[in-house]
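*Asks:* Coordinates in entry03.tsv, TSV, C-alpha atoms, are listed below.
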chain	number	residue	atom	x	y	z
A	1377	MET	CA	-242.39	-243.27	-127.84
A	1378	GLU	CA	-240.08	-242.44	-130.68
A	1379	ARG	CA	-236.32	-242.72	-130.12
A	1380	MET	CA	-234.53	-239.52	-129.11
A	1381	ASN	CA	-231.99	-238.28	-131.65
A	1382	ILE	CA	-229.07	-237.48	-129.31
A	1383	ALA	CA	-226.78	-236.05	-132.01
A	1384	GLU	CA	-229.51	-233.66	-133.17
A	1385	LEU	CA	-230.30	-232.69	-129.57
A	1386	GLN	CA	-226.61	-231.95	-129.01
A	1387	ARG	CA	-226.50	-229.79	-132.13
A	1388	LYS	CA	-229.66	-227.91	-131.10
A	1389	LEU	CA	-228.41	-227.27	-127.59
A	1390	THR	CA	-224.96	-226.04	-128.65
A	1391	ALA	CA	-226.70	-223.75	-131.15
A	1392	ALA	CA	-228.89	-222.50	-128.29
A	1393	GLY	CA	-225.72	-221.85	-126.28
A	1394	ARG	CA	-224.33	-219.84	-129.19
A	1395	HIS	CA	-227.44	-217.64	-129.19
A	1396	GLN	CA	-226.85	-216.54	-125.59
A	1397	PRO	CA	-225.80	-212.89	-125.59
A	1398	PRO	CA	-222.70	-212.31	-123.43
A	1399	ASP	CA	-223.57	-210.59	-120.17
A	1400	ASP	CA	-220.81	-208.03	-119.64
A	1401	ARG	CA	-222.33	-205.94	-116.85
A	1402	VAL	CA	-219.78	-204.74	-114.29
A	1403	PRO	CA	-220.88	-204.10	-110.69
A	1404	TYR	CA	-220.82	-200.47	-109.58
A	1405	ALA	CA	-217.31	-199.21	-108.61
A	1406	PHE	CA	-215.77	-202.64	-109.17
A	1407	GLU	CA	-212.48	-201.03	-110.23
A	1408	LYS	CA	-212.33	-199.22	-106.84
A	1409	ARG	CA	-212.69	-202.58	-105.11
A	1410	ILE	CA	-209.80	-204.03	-107.13
A	1411	MET	CA	-207.58	-201.01	-106.43
A	1412	ALA	CA	-208.41	-201.23	-102.71
A	1413	ARG	CA	-207.46	-204.94	-102.70
A	1414	ILE	CA	-204.16	-204.14	-104.42
A	1415	ALA	CA	-203.37	-201.35	-101.91
A	1416	GLU	CA	-204.38	-203.61	-99.01
A	1417	ARG	CA	-202.13	-206.43	-100.25
A	1418	LYS	CA	-199.24	-204.00	-100.69
A	1419	ALA	CA	-199.61	-202.75	-97.08
A	1420	VAL	CA	-199.89	-206.30	-95.77
A	1421	SER	CA	-196.85	-207.41	-97.74
A	1422	GLY	CA	-194.84	-204.46	-96.25
A	1423	ARG	CA	-195.77	-205.53	-92.73
A	1424	VAL	CA	-195.04	-209.17	-93.53
A	1425	LEU	CA	-191.58	-208.26	-94.86
A	1426	TRP	CA	-190.80	-206.23	-91.72
A	1427	ALA	CA	-191.97	-209.03	-89.39
A	1428	ARG	CA	-190.02	-211.59	-91.40
A	1429	GLY	CA	-186.84	-209.46	-91.09
A	1430	LEU	CA	-187.32	-209.14	-87.34
A	1431	TRP	CA	-187.80	-212.89	-86.93
A	1432	ARG	CA	-184.66	-213.58	-88.96
A	1433	ALA	CA	-182.67	-211.15	-86.79
A	1434	ALA	CA	-184.03	-212.77	-83.63
A	1435	VAL	CA	-183.09	-216.24	-84.85
A	1436	SER	CA	-179.57	-215.05	-85.77
A	1437	CYS	CA	-179.12	-213.53	-82.28
A	1438	LEU	CA	-180.28	-216.75	-80.62
A	1439	VAL	CA	-177.89	-218.85	-82.70
A	1440	LEU	CA	-175.00	-216.49	-81.90
A	1441	ALA	CA	-175.80	-216.60	-78.17
A	1442	ALA	CA	-175.99	-220.41	-78.23
A	1443	VAL	CA	-172.65	-220.72	-80.03
A	1444	SER	CA	-170.94	-218.28	-77.65
A	1445	GLY	CA	-172.38	-220.15	-74.66
A	1446	ALA	CA	-171.20	-223.46	-76.01
A	1447	VAL	CA	-167.70	-222.11	-76.65
A	1448	LEU	CA	-167.43	-220.72	-73.11
A	1449	LEU	CA	-168.83	-223.91	-71.60
A	1450	PHE	CA	-166.85	-226.47	-73.52
A	1451	ALA	CA	-163.58	-224.65	-74.33
A	1452	PRO	CA	-160.62	-226.30	-72.45
A	1453	ALA	CA	-159.24	-224.26	-69.55
A	1454	THR	CA	-155.63	-223.64	-70.65
A	1455	ARG	CA	-154.57	-221.19	-68.03
A	1456	ASP	CA	-154.96	-220.67	-64.33
A	1457	ASN	CA	-158.22	-219.00	-63.41
A	1458	ASN	CA	-156.43	-216.38	-61.31
A	1459	ASN	CA	-154.31	-215.34	-64.27
A	1460	ASP	CA	-156.98	-213.28	-65.84
A	1461	LEU	CA	-156.53	-209.97	-67.62
A	1462	SER	CA	-156.71	-207.83	-64.50
A	1463	GLN	CA	-153.98	-209.88	-62.85
A	1464	ASP	CA	-151.78	-209.66	-65.93
A	1465	PHE	CA	-152.29	-205.92	-66.05
A	1466	GLU	CA	-151.39	-205.50	-62.38
A	1467	ASN	CA	-148.25	-207.65	-62.72
A	1468	THR	CA	-147.07	-205.63	-65.71
A	1469	LEU	CA	-147.77	-202.32	-64.03
A	1470	LEU	CA	-146.02	-203.25	-60.80
A	1471	ALA	CA	-143.15	-205.19	-62.41
A	1472	SER	CA	-140.64	-202.41	-61.73
A	1473	VAL	CA	-141.71	-202.15	-58.09
A	1474	ASP	CA	-141.43	-205.91	-57.64
A	1475	GLN	CA	-137.98	-205.86	-59.18
A	1476	ALA	CA	-136.91	-202.99	-56.88
A	1477	ASP	CA	-138.10	-204.97	-53.84
A	1478	THR	CA	-136.08	-208.06	-54.78
A	1479	THR	CA	-132.80	-206.32	-55.70
A	1480	PRO	CA	-130.44	-205.70	-52.69
B	1347	MET	CA	-204.92	-186.39	-122.33
B	1348	GLU	CA	-205.65	-190.11	-122.35
B	1349	ARG	CA	-202.57	-192.29	-121.98
B	1350	SER	CA	-201.99	-195.35	-124.16
B	1351	GLU	CA	-202.09	-198.88	-122.74
B	1352	ALA	CA	-198.32	-199.27	-123.08
B	1353	GLU	CA	-197.80	-196.05	-121.11
B	1354	LEU	CA	-200.20	-197.16	-118.40
B	1355	ILE	CA	-198.50	-200.55	-118.08
B	1356	ALA	CA	-195.04	-198.94	-117.95
B	1357	ALA	CA	-196.27	-196.56	-115.24
B	1358	VAL	CA	-197.65	-199.45	-113.16
B	1359	LEU	CA	-194.37	-201.31	-113.48
B	1360	GLN	CA	-192.53	-198.20	-112.28
B	1361	GLY	CA	-194.63	-198.18	-109.11
B	1362	ASN	CA	-197.53	-195.90	-110.08
B	1363	HIS	CA	-200.26	-198.34	-109.09
B	1364	ALA	CA	-203.09	-195.88	-109.81
B	1365	SER	CA	-202.35	-196.31	-113.54
B	1366	PHE	CA	-203.75	-199.83	-113.28
B	1367	GLU	CA	-207.28	-198.52	-112.70
B	1368	PRO	CA	-208.00	-197.38	-116.30
B	1369	LEU	CA	-207.04	-200.88	-117.49
B	1370	VAL	CA	-209.49	-202.43	-115.00
B	1371	VAL	CA	-212.25	-200.07	-116.16
B	1372	LYS	CA	-211.61	-200.76	-119.85
B	1373	TYR	CA	-211.38	-204.57	-119.76
B	1374	SER	CA	-213.66	-205.59	-116.88
B	1375	PRO	CA	-216.73	-206.01	-119.15
B	1376	ARG	CA	-214.89	-208.66	-121.23
B	1377	VAL	CA	-213.55	-210.42	-118.16
B	1378	PHE	CA	-217.03	-210.46	-116.59
B	1379	ALA	CA	-218.62	-211.79	-119.80
B	1380	THR	CA	-216.09	-214.65	-119.90
B	1381	ALA	CA	-216.40	-215.47	-116.19
B	1382	ARG	CA	-220.22	-215.59	-116.45
B	1383	ARG	CA	-219.90	-218.41	-118.98
B	1384	TYR	CA	-218.30	-220.64	-116.34
B	1385	ALA	CA	-219.87	-219.59	-113.04
B	1386	ARG	CA	-223.56	-219.24	-112.33
B	1387	ARG	CA	-223.66	-217.37	-109.03
B	1388	GLU	CA	-222.78	-213.68	-109.19
B	1389	SER	CA	-220.59	-213.93	-106.07
B	1390	GLU	CA	-218.52	-216.62	-107.80
B	1391	VAL	CA	-218.25	-214.51	-110.95
B	1392	GLU	CA	-216.98	-211.55	-108.92
B	1393	ASP	CA	-214.45	-213.77	-107.13
B	1394	ILE	CA	-213.12	-215.01	-110.49
B	1395	VAL	CA	-212.84	-211.51	-111.94
B	1396	GLN	CA	-211.15	-210.21	-108.80
B	1397	GLU	CA	-208.64	-213.06	-108.95
B	1398	VAL	CA	-207.97	-212.34	-112.63
B	1399	TRP	CA	-207.16	-208.69	-111.88
B	1400	LEU	CA	-204.99	-209.46	-108.88
B	1401	LYS	CA	-203.06	-212.04	-110.95
B	1402	ALA	CA	-202.78	-209.53	-113.80
B	1403	PHE	CA	-201.31	-206.96	-111.40
B	1404	ASP	CA	-198.84	-209.46	-109.91
B	1405	LYS	CA	-197.75	-210.85	-113.28
B	1406	LEU	CA	-197.75	-207.59	-115.24
B	1407	ALA	CA	-193.95	-207.70	-115.50
B	1408	SER	CA	-194.31	-210.90	-117.57
B	1409	PHE	CA	-196.36	-209.02	-120.21
B	1410	ARG	CA	-193.86	-208.29	-122.96
B	1411	GLY	CA	-196.07	-206.21	-125.20
B	1412	GLU	CA	-195.57	-208.46	-128.26
B	1413	ALA	CA	-199.33	-209.24	-128.40
B	1414	PRO	CA	-202.14	-206.88	-127.33
B	1415	PHE	CA	-202.75	-206.60	-123.59
B	1416	GLU	CA	-206.30	-207.86	-124.14
B	1417	HIS	CA	-205.03	-211.21	-125.49
B	1418	TRP	CA	-202.70	-211.64	-122.52
B	1419	LEU	CA	-205.55	-210.78	-120.15
B	1420	MET	CA	-207.99	-213.19	-121.82
B	1421	ARG	CA	-205.47	-216.03	-121.50
B	1422	LEU	CA	-205.24	-215.24	-117.81
B	1423	THR	CA	-209.05	-215.10	-117.56
B	1424	VAL	CA	-209.64	-218.44	-119.31
B	1425	ARG	CA	-206.99	-220.16	-117.16
B	1426	THR	CA	-208.48	-218.70	-113.97
B	1427	CYS	CA	-211.94	-219.91	-115.08
B	1428	TYR	CA	-210.49	-223.39	-115.69
B	1429	ASP	CA	-208.95	-223.39	-112.19
B	1430	PHE	CA	-212.37	-222.38	-110.85
B	1431	LEU	CA	-214.06	-225.26	-112.67
B	1432	ARG	CA	-211.53	-227.74	-111.31
B	1433	ALA	CA	-211.99	-226.43	-107.77
B	1434	HIS	CA	-215.82	-226.54	-107.97
B	1435	GLN	CA	-216.64	-229.93	-109.43
B	1436	ARG	CA	-219.58	-230.44	-107.07
B	1437	ASN	CA	-223.06	-231.51	-108.19
B	1438	ARG	CA	-221.82	-232.97	-111.47
B	1439	GLU	CA	-223.23	-236.38	-110.63
B	1440	SER	CA	-226.73	-235.23	-109.70
B	1441	SER	CA	-229.72	-236.39	-111.73
B	1442	PHE	CA	-231.83	-234.26	-114.05
B	1443	SER	CA	-234.87	-234.44	-111.78
B	1444	GLU	CA	-234.62	-230.66	-111.18
B	1445	ILE	CA	-235.48	-229.83	-114.84
B	1446	SER	CA	-238.10	-227.08	-114.91
B	1447	GLU	CA	-241.43	-227.22	-116.71
B	1448	PRO	CA	-240.42	-224.98	-119.66
B	1449	GLU	CA	-237.31	-227.15	-120.19
B	1450	GLU	CA	-239.47	-230.30	-120.14
B	1451	ASP	CA	-241.85	-228.69	-122.63
B	1452	TRP	CA	-238.93	-227.80	-124.91
B	1453	LEU	CA	-237.67	-231.41	-124.74
B	1454	ASP	CA	-241.18	-232.72	-125.46
B	1455	ARG	CA	-241.41	-230.45	-128.50
B	1456	PHE	CA	-237.97	-231.63	-129.60
B	1457	VAL	CA	-239.02	-235.29	-129.30
B	1458	ALA	CA	-242.24	-234.62	-131.22
B	1459	ASP	CA	-240.56	-232.61	-133.98
B	1460	PRO	CA	-236.76	-232.20	-133.77
B	1461	GLY	CA	-236.67	-229.87	-136.77
B	1462	ASN	CA	-239.06	-227.31	-135.33
B	1463	SER	CA	-237.86	-226.86	-131.76
B	1464	ALA	CA	-236.49	-223.33	-131.51
B	1465	GLU	CA	-232.78	-222.92	-130.72
B	1466	GLN	CA	-233.39	-219.40	-129.47
B	1467	ALA	CA	-235.83	-220.50	-126.77
B	1468	ASP	CA	-234.89	-219.52	-123.21
B	1469	ALA	CA	-235.62	-223.07	-122.08
B	1470	ALA	CA	-233.02	-224.44	-124.51
B	1471	ARG	CA	-230.44	-221.98	-123.15
B	1472	VAL	CA	-231.15	-223.00	-119.57
B	1473	LEU	CA	-230.98	-226.65	-120.60
B	1474	VAL	CA	-227.61	-226.27	-122.34
B	1475	ASN	CA	-226.21	-224.53	-119.25
B	1476	ARG	CA	-227.50	-227.40	-117.13
B	1477	VAL	CA	-225.76	-229.91	-119.41
B	1478	LEU	CA	-222.51	-227.89	-119.44
B	1479	GLU	CA	-222.48	-227.87	-115.63
B	1480	LYS	CA	-222.46	-231.66	-115.66
B	1481	LEU	CA	-219.38	-231.91	-117.87
B	1482	SER	CA	-215.86	-232.41	-116.52
B	1483	PRO	CA	-213.80	-229.16	-116.35
B	1484	GLU	CA	-211.74	-230.08	-119.45
B	1485	ALA	CA	-214.84	-231.03	-121.46
B	1486	ARG	CA	-216.74	-227.94	-120.39
B	1487	MET	CA	-213.86	-225.66	-121.30
B	1488	VAL	CA	-213.45	-227.24	-124.73
B	1489	ILE	CA	-217.20	-227.33	-125.56
B	1490	GLN	CA	-217.57	-223.73	-124.42
B	1491	LEU	CA	-214.65	-222.44	-126.48
B	1492	LEU	CA	-214.98	-224.68	-129.53
B	1493	GLU	CA	-218.72	-225.22	-129.97
B	1494	ILE	CA	-220.32	-222.24	-128.27
B	1495	GLU	CA	-217.79	-219.44	-128.77
B	1496	ASP	CA	-216.81	-220.94	-132.14
B	1497	ARG	CA	-213.05	-220.56	-131.64
B	1498	SER	CA	-210.43	-222.47	-133.62
B	1499	VAL	CA	-208.34	-225.29	-132.15
B	1500	LYS	CA	-205.23	-223.09	-132.39
B	1501	GLU	CA	-206.93	-220.25	-130.52
B	1502	ILE	CA	-208.04	-222.65	-127.78
B	1503	ALA	CA	-204.49	-223.99	-127.50
B	1504	GLU	CA	-203.19	-220.44	-127.03
B	1505	LEU	CA	-205.88	-219.53	-124.51
B	1506	THR	CA	-205.61	-222.65	-122.38
B	1507	GLY	CA	-201.90	-223.41	-122.75
B	1508	TRP	CA	-202.74	-226.94	-123.99
B	1509	SER	CA	-201.05	-228.30	-127.12
B	1510	VAL	CA	-203.05	-228.47	-130.39
B	1511	PRO	CA	-203.22	-232.32	-130.35
B	1512	LEU	CA	-204.37	-232.22	-126.72
B	1513	VAL	CA	-207.18	-229.79	-127.61
B	1514	LYS	CA	-208.28	-232.14	-130.42
B	1515	VAL	CA	-208.27	-235.17	-128.13
B	1516	ARG	CA	-210.15	-233.30	-125.43
B	1517	ALA	CA	-212.68	-232.00	-127.97
B	1518	PHE	CA	-213.36	-235.56	-129.17
B	1519	ARG	CA	-213.78	-236.80	-125.61
B	1520	ALA	CA	-215.89	-233.77	-124.63
B	1521	ARG	CA	-218.41	-234.37	-127.42
B	1522	GLY	CA	-218.69	-238.01	-126.31
B	1523	GLU	CA	-219.12	-236.93	-122.69
B	1524	MET	CA	-221.85	-234.48	-123.69
B	1525	ARG	CA	-223.70	-237.15	-125.69
B	1526	LYS	CA	-223.57	-239.48	-122.67
B	1527	ILE	CA	-225.02	-236.78	-120.43
B	1528	LEU	CA	-227.78	-236.05	-122.93
B	1529	ALA	CA	-228.54	-239.75	-123.20
B	1530	ARG	CA	-228.74	-240.01	-119.40
B	1531	MET	CA	-230.94	-236.92	-119.22
B	1532	THR	CA	-233.40	-238.23	-121.79
B	1533	LYS	CA	-233.34	-241.68	-120.17
B	1534	ASP	CA	-234.18	-240.11	-116.77
B	1535	LYS	CA	-237.08	-238.28	-118.37
B	1536	TYR	CA	-238.50	-240.66	-120.92
B	1537	LEU	CA	-237.79	-244.18	-119.61
Can you turn what I pasted into structure tokens?
*Replies:*
Amino acid sequence: MERMNIAELQRKLTAAGRHQPPDDRVPYAFEKRIMARIAERKAVSGRVLWARGLWRAAVSCLVLAAVSGAVLLFAPATRDNNNDLSQDFENTLLASVDQADTTP
Amino acid sequence: MERSEAELIAAVLQGNHASFEPLVVKYSPRVFATARRYARRESEVEDIVQEVWLKAFDKLASFRGEAPFEHWLMRLTVRTCYDFLRAHQRNRESSFSEISEPEEDWLDRFVADPGNSAEQADAARVLVNRVLEKLSPEARMVIQLLEIEDRSVKEIAELTGWSVPLVKVRAFRARGEMRKILARMTKDKYL
């Protein structure tokens, strides 16, 4: 069998490739499909943004609650527990009465 | 009255998404023709074209209007086709045992008389597609653009985003790769 001329075969085949007419058929209503995909993605991205915002808010609330809890739990008790705001308020309000009781 | 491309693009960028549709209608034939050079199955071709249009919509703000919209779109198309080739490198190592009878006949005629085997024959076109499918993505892209579409090195560099020297190196390697595949094909058949 005679030896195959690879370079000539390559040239012939690329020339054959050049003779292929471009097939530019577009499926029916393809543009409608693309527009539907764009609209669909836009709606999905709106929902995703909303969900992402909610998750961020939830995480912020959890962090705030944890920090507040930690502060209440670990803050040093500087004053007597009985001396809370209501007690202070009562003492202030009844200060004149107390003074009247003690003066002769 | 028909609006110009620049007006349509400006309208899309301002949020009027419906203005994108005339662009899809006008340029889809070119995008389909390009995609069909790289993918065989019609479902794959449609996936490529759909991806091109979705990318075009997302990246439309990056189109500056210095070159025609068609050039910008074709760059996007070629790069999407290249991504497709890289993602679908299957079956490149298979043998040529699946060559059909008309293709074998064409090869036999070529062996008998290289000068007289017709380049326009359908069998030769099927055979060249078979060979192109066996090339690496880089080689296939370069052979397709340089040898088959007859584009210049500079044009290929612009389309692919590769530098001019890189296109030249890849073209040299691609021709060598193609010769090796042809040699293997003929060895499978004739030895």
*Asks:* Could you please tell me, as a tab-separated table (two decimals) with C-alpha atoms, in the frame of the given file, which residues of chain A have an atom within 10 Å of chain B when using all atoms listed in the file?
*Replies:*
chain	number	residue	atom	x	y	z
A	1377	MET	CA	-242.39	-243.27	-127.84
A	1378	GLU	CA	-240.08	-242.44	-130.68
A	1379	ARG	CA	-236.32	-242.72	-130.12
A	1380	MET	CA	-234.53	-239.52	-129.11
A	1381	ASN	CA	-231.99	-238.28	-131.65
A	1382	ILE	CA	-229.07	-237.48	-129.31
A	1383	ALA	CA	-226.78	-236.05	-132.01
A	1384	GLU	CA	-229.51	-233.66	-133.17
A	1385	LEU	CA	-230.30	-232.69	-129.57
A	1386	GLN	CA	-226.61	-231.95	-129.01
A	1387	ARG	CA	-226.50	-229.79	-132.13
A	1388	LYS	CA	-229.66	-227.91	-131.10
A	1389	LEU	CA	-228.41	-227.27	-127.59
A	1390	THR	CA	-224.96	-226.04	-128.65
A	1391	ALA	CA	-226.70	-223.75	-131.15
A	1392	ALA	CA	-228.89	-222.50	-128.29
A	1393	GLY	CA	-225.72	-221.85	-126.28
A	1394	ARG	CA	-224.33	-219.84	-129.19
A	1395	HIS	CA	-227.44	-217.64	-129.19
A	1396	GLN	CA	-226.85	-216.54	-125.59
A	1397	PRO	CA	-225.80	-212.89	-125.59
A	1398	PRO	CA	-222.70	-212.31	-123.43
A	1399	ASP	CA	-223.57	-210.59	-120.17
A	1400	ASP	CA	-220.81	-208.03	-119.64
A	1401	ARG	CA	-222.33	-205.94	-116.85
A	1402	VAL	CA	-219.78	-204.74	-114.29
A	1403	PRO	CA	-220.88	-204.10	-110.69
A	1405	ALA	CA	-217.31	-199.21	-108.61
A	1406	PHE	CA	-215.77	-202.64	-109.17
A	1407	GLU	CA	-212.48	-201.03	-110.23
A	1408	LYS	CA	-212.33	-199.22	-106.84
A	1409	ARG	CA	-212.69	-202.58	-105.11
A	1410	ILE	CA	-209.80	-204.03	-107.13
A	1411	MET	CA	-207.58	-201.01	-106.43
A	1413	ARG	CA	-207.46	-204.94	-102.70
A	1414	ILE	CA	-204.16	-204.14	-104.42
A	1415	ALA	CA	-203.37	-201.35	-101.91
A	1417	ARG	CA	-202.13	-206.43	-100.25
*Asks:* May I ask for the distance between CA of Ala1503 in chain B and CA of Leu1406 in chain B, given in Å to one decimal place?
*Replies:*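 Those two atoms sit 21.6 Å apart.
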*Asks:* Enter the distance from CA of Leu1359 in chain B to CA of Ala1413 in chain B, in Å, rounded to one decimal.
*Replies:*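 If I compute the distance from CA of Leu1359 in chain B to CA of Ala1413 in chain B, I get 17.6 Å.
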*Asks:* What is the distance, in Å and to one decimal place, between CA of Tyr1384 in chain B and CA of Leu1431 in chain B?
*Replies:*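 One can read the CA of Tyr1384 in chain B to CA of Leu1431 in chain B distance as 7.3 Å.
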*Asks:* Fewer than 3 positions away in the same chain doesn't count, so skip those; otherwise give me all residues within 6 Å of range 1417-1430 of chain B, counting all atoms listed in the file, as a ChimeraX atom specification.
*Replies:* /B:1398,1414,1433,1505-1506
